[in-house]
Amino acid sequence: MKSIVKQEIQGLNGDEAVALAVKQSDVDVVAAYPITPQTIIVEKLSEYVANGEVEMEYVCTESEHSAMAACLAASATGARVFTASASAGLALMHEMLFVTSGCRAPVVMAVANRALSAPLNIHGDHSDAMAERDSGWIQIYAENAQEVYDSIIQAFRIAEHLDVQLPVMVGLDGFIVSHTLENVKVLEDETVKEFVKTRQFPDVLTHEGKTVPFKLDPDTPMTMGPVALQNYYFEFKRQQEEAMKNALGAIQKIHKEYSQLTGRSYGDGLLEKYKLEDAEIAVVCLGSTAGTVKTVVDELRTAGIKAGLLKIRTYRPMPIKEIADALAGAKAVAVMDRSMSFGGNGGAVFHEVRHALYDSPAHPHAVNYIYGLGGRDTSPTQIHKIFEDLRQIVQSKKPGDLVRYVGLRE
Amino acid sequence: MTTREKSWREASLAGVCWKSSKTYLTGDWKTYTPIRDIAKCTKCLQCTIFCPDGAIHWKPEKGDIEFDLNFCKGCGICANECPTKAIMMKIE
């Protein structure tokens with residue numbers, strides 16, 4: 001085991017932590033368009049480029065759709081590529097997200113999670129990224145600025161892993177994480193560069209009958225993402241699903257390597273279990289809310305109540321089996337969703353956690369809490385109320401309403 | 001074409017083409033075939049320029065043009081552009 005490397009504490013907000021991680025990760029091309037609350041990321045990166053602090057090509061585009069098109073093209077040539085977006089910007093990228101994952105381009109993107117219009121709202125919720133959950137991108141949700149910094153560095157390794165070759169989105173809650181100044185332990189430039197290594201390429205067979213690295217090169221021409229109709233499209237989609245399965249292992253392996261280097265870990269990289277081993281009641285959530293839930297779990301534990309938290313760090317690929325195992329001992333589970341699946345009888349996270357629990361022999365009660373839409377604050381008092389509801393469900397053995405709303409005026 | 005199609009495990013990453021487009025005979029698609037009236041043709045070569053598939057070739061050894069029906073999709077642009085109306089499109 002490697003000893004923990006030298007680190008320096010810096011005061012950074014989530015966006016600045018992203019920009020610094022990108023600066024250190026030997027990135028070749030950034031193509032981006034600014035949007036609140038992601039703006040600080042692109043401002044910082046363009047500043048680094050203007051100051052000559054990084055050898056990176058910064059491409060100003062006229063829209064997010066073009067930004068993702070430029071990222072895909074740059075990545076296809078073998079470059080390490082980064083971009084960032086949020087809300088309407090991410091929605092405008094929608095088409096290109098599928099092209100990027102379908103072309104197996106390992107682009108890394110930070111998403112400063114923000115609500116979608118209308119009504120217009122610039123604040124934090126997960127509506128933007130949840131709407132892209134089927135776009136073939138790996139999705140990691142970070143709890144705080146430190147986890148954002150660590151996750152961006154790991155994301156390049158995950159995306160470029162030979163058995164994965166998929167783009168990765170790292171989510172940070174708009175304003176709550178993106179704009180809040182925190183102490184962040186920062187690695188030295190050389191340490192990060194050594195960790196991320198240079199991009200590696202799988203071999204592919206081309207039309208010339210040559211087996212060559214998977215990148216555009218005039219000496220070894222190839223066609224990527226051509227037309228594939230009824231006879232082949234399906235096979236290529238199945239390959240993407242396999243890459244997602246491979247990502248489960250790659251994320252854990254890379255996370256472990258990083259934690260040995262830094263002394264920091266987020267569960268196994270997929271899920272973070274907080275006082276969950278003997279918990280009878282548990283909350284499941286993503287992102288910054290996990291911090292609030294941990295505080296409440298501590299208070300309940302002091303009062304002798306067996307409460308726990310399951311933080312889903314990796315939402316795509318969804319670690320279904322690991323979630324079922326983690327919640328096997330719980331009697332009642334509250335799944336928190338910071339976005340709506342209108343008409344879907346609960347949020348997306350709820351649907352999938354309940355799906356994971358279907359085959360679990362323990363079969364705990366599972367209810368859904370929609371919360372924090374449009375950046376509405378979620379207090380420890382509200383989380384206490386959720387745990388209180390769970391205790392009542394355990395006592396009465398009646399789940400009651402399946403979908404509930406936190407902090408909503410009735 | 002009767003070659004066995006690859007399984008998802010065998011197919012290349014991201015659909016990288018493992019065969020040349022020369023082996024994919026898009027001439028199979030056509031409904032109309034160009035027929036040339038040699039008496040009307042002045043060999044101006046406008047058809048070779050306008051063909052979107054590059055399926056009309058100038059053969060210097062023959063001193064004449066030649067339609068490559070393996071790649072002609074039968075779009076009829078050549079017939080439309082021909083200044084002497086020497087090309088007719090005939091239904092197959």
# chains A, B, ... in the order shown; residues from 1 in each chain; ligands from 1
>>> interface_residues(of="chain B", to="chain A", cutoff="12 Å", atoms="only C-alpha atoms", output="PyMOL selection string")
chain B and resi 4-24
>>> residues_around(residues="Gln46 (chain B)", least_positions_apart="2", cutoff="8 Å", atoms="only C-alpha atoms", output="list in words")
Cys44, Thr48, Ile49, Phe50, Cys78, Glu81 and Cys82 of chain B
>>> write_last_selection(atoms="C-alpha atoms", output="CSV table (one decimal), in the first residue's frame")
chain,number,residue,atom,x,y,z
B,44,CYS,CA,-19.5,16.6,-72.4
B,48,THR,CA,-19.8,12.5,-64.4
B,49,ILE,CA,-19.6,15.8,-62.5
B,50,PHE,CA,-23.2,15.8,-61.3
B,78,CYS,CA,-27.6,12.6,-64.7
B,81,GLU,CA,-28.6,17.5,-66.1
B,82,CYS,CA,-27.8,16.0,-69.5
>>> residues_around(residues="region 26-29 of chain B", least_positions_apart="6", cutoff="10 Å", atoms="only C-alpha atoms", output="list in words")
Asp53, Ala55, Asp68, Leu69, Asn70, Phe71, Cys72, Lys73 and Gly74 of chain B
>>> write_last_selection(atoms="N, CA and C atoms", output="PDB file, in the first residue's frame")
ATOM      1  N   ASP B  53     -22.866   9.999 -56.544  1.00  0.00           N
ATOM      2  CA  ASP B  53     -22.204   8.784 -56.060  1.00  0.00           C
ATOM      3  C   ASP B  53     -20.914   8.472 -56.801  1.00  0.00           C
ATOM      4  N   ALA B  55     -20.604   7.462 -59.724  1.00  0.00           N
ATOM      5  CA  ALA B  55     -20.839   6.160 -60.361  1.00  0.00           C
ATOM      6  C   ALA B  55     -20.770   6.233 -61.885  1.00  0.00           C
ATOM      7  N   ASP B  68     -21.327   2.749 -63.511  1.00  0.00           N
ATOM      8  CA  ASP B  68     -21.033   1.647 -62.581  1.00  0.00           C
ATOM      9  C   ASP B  68     -22.331   1.325 -61.849  1.00  0.00           C
ATOM     10  N   LEU B  69     -23.047   0.342 -62.343  1.00  0.00           N
ATOM     11  CA  LEU B  69     -24.384   0.039 -61.803  1.00  0.00           C
ATOM     12  C   LEU B  69     -24.334  -0.597 -60.409  1.00  0.00           C
ATOM     13  N   ASN B  70     -23.140  -0.979 -59.962  1.00  0.00           N
ATOM     14  CA  ASN B  70     -23.001  -1.485 -58.582  1.00  0.00           C
ATOM     15  C   ASN B  70     -23.207  -0.366 -57.559  1.00  0.00           C
ATOM     16  N   PHE B  71     -22.969   0.887 -58.025  1.00  0.00           N
ATOM     17  CA  PHE B  71     -23.089   2.017 -57.091  1.00  0.00           C
ATOM     18  C   PHE B  71     -24.093   3.082 -57.521  1.00  0.00           C
ATOM     19  N   CYS B  72     -24.627   2.968 -58.729  1.00  0.00           N
ATOM     20  CA  CYS B  72     -25.660   3.917 -59.184  1.00  0.00           C
ATOM     21  C   CYS B  72     -26.939   3.632 -58.402  1.00  0.00           C
ATOM     22  N   LYS B  73     -27.479   4.668 -57.707  1.00  0.00           N
ATOM     23  CA  LYS B  73     -28.698   4.468 -56.920  1.00  0.00           C
ATOM     24  C   LYS B  73     -29.941   4.817 -57.735  1.00  0.00           C
ATOM     25  N   GLY B  74     -29.735   5.195 -58.993  1.00  0.00           N
ATOM     26  CA  GLY B  74     -30.876   5.471 -59.868  1.00  0.00           C
ATOM     27  C   GLY B  74     -31.583   6.770 -59.567  1.00  0.00           C
TER      28      GLY B  74
END
>>> select_by_dssp(residues="region 163-302 of chain A", states="strand (DSSP E or B)", output="JSON, numbers by chain")
{"A": [168, 169, 170, 171, 172, 173, 182, 183, 184, 185, 186, 187, 203, 204, 205, 211, 212, 213, 271, 272, 273, 274, 281, 282, 283, 284, 285]}
>>> select_by_dssp(residues="region 46-160 of chain A", states="alpha helix (DSSP H)", output="PyMOL selection string")
chain A and resi 46-50+64-76+87-102+127-130+145-160
>>> closest_residue(among="A:Val186, A:Val394, A:Met109, A:Leu12", to="Ile152 (chain A)", atoms="only C-alpha atoms")
A:Met109
>>> residues_around(residues="Pro83 (chain B)", least_positions_apart="2", cutoff="12 Å", atoms="only C-alpha atoms", output="tab-separated table (two decimals) with C-alpha atoms, in the first residue's frame")
chain	number	residue	atom	x	y	z
B	40	LYS	CA	-27.36	12.00	-78.66
B	41	CYS	CA	-24.38	11.87	-76.24
B	42	THR	CA	-21.73	14.55	-76.94
B	43	LYS	CA	-19.40	13.25	-74.18
B	44	CYS	CA	-19.51	16.60	-72.44
B	45	LEU	CA	-19.02	14.73	-69.11
B	46	GLN	CA	-21.57	16.88	-67.22
B	47	CYS	CA	-23.09	13.62	-65.93
B	77	ILE	CA	-29.70	13.54	-61.66
B	78	CYS	CA	-27.56	12.62	-64.70
B	79	ALA	CA	-30.66	12.40	-66.89
B	80	ASN	CA	-31.94	15.70	-65.54
B	81	GLU	CA	-28.63	17.51	-66.10
B	85	LYS	CA	-31.26	14.64	-73.06
B	86	ALA	CA	-29.23	11.57	-73.98
B	87	ILE	CA	-29.98	9.73	-70.68
>>> residues_around(residues="Gly249 (chain A)", least_positions_apart="2", cutoff="10 Å", atoms="only C-alpha atoms", output="MDAnalysis selection string")
chainID A and resid 158 163:164 244:247 251:255 269:270
>>> residues_around(residues="Glu143 (chain A)", least_positions_apart="2", cutoff="7 Å", atoms="only C-alpha atoms", output="compact mmCIF listing (two decimals) with N, CA and C atoms, in the first residue's frame")
# COMPACT_ATOMS: atom_id res chain seq x y z
N TYR A 141 -22.58 11.48 -8.51
CA TYR A 141 -23.08 12.66 -7.79
C TYR A 141 -22.21 12.89 -6.55
N GLU A 147 -15.30 16.08 -2.56
CA GLU A 147 -15.68 14.90 -3.36
C GLU A 147 -15.72 15.25 -4.85
N GLY A 287 -25.98 13.24 -3.64
CA GLY A 287 -25.48 14.62 -3.60
C GLY A 287 -25.37 15.23 -2.22
N SER A 288 -25.51 16.56 -2.17
CA SER A 288 -25.19 17.32 -0.96
C SER A 288 -26.10 16.99 0.21
N ALA A 290 -26.84 14.30 1.39
CA ALA A 290 -26.26 13.23 2.21
C ALA A 290 -25.55 13.82 3.43
N GLY A 291 -24.96 14.99 3.29
CA GLY A 291 -24.28 15.63 4.42
C GLY A 291 -25.25 15.96 5.54
>>> closest_residue(among="A:Ala250, A:Ile153, A:Ile383, A:Ala129", to="Glu194 (chain A)", atoms="only C-alpha atoms")
A:Ile153
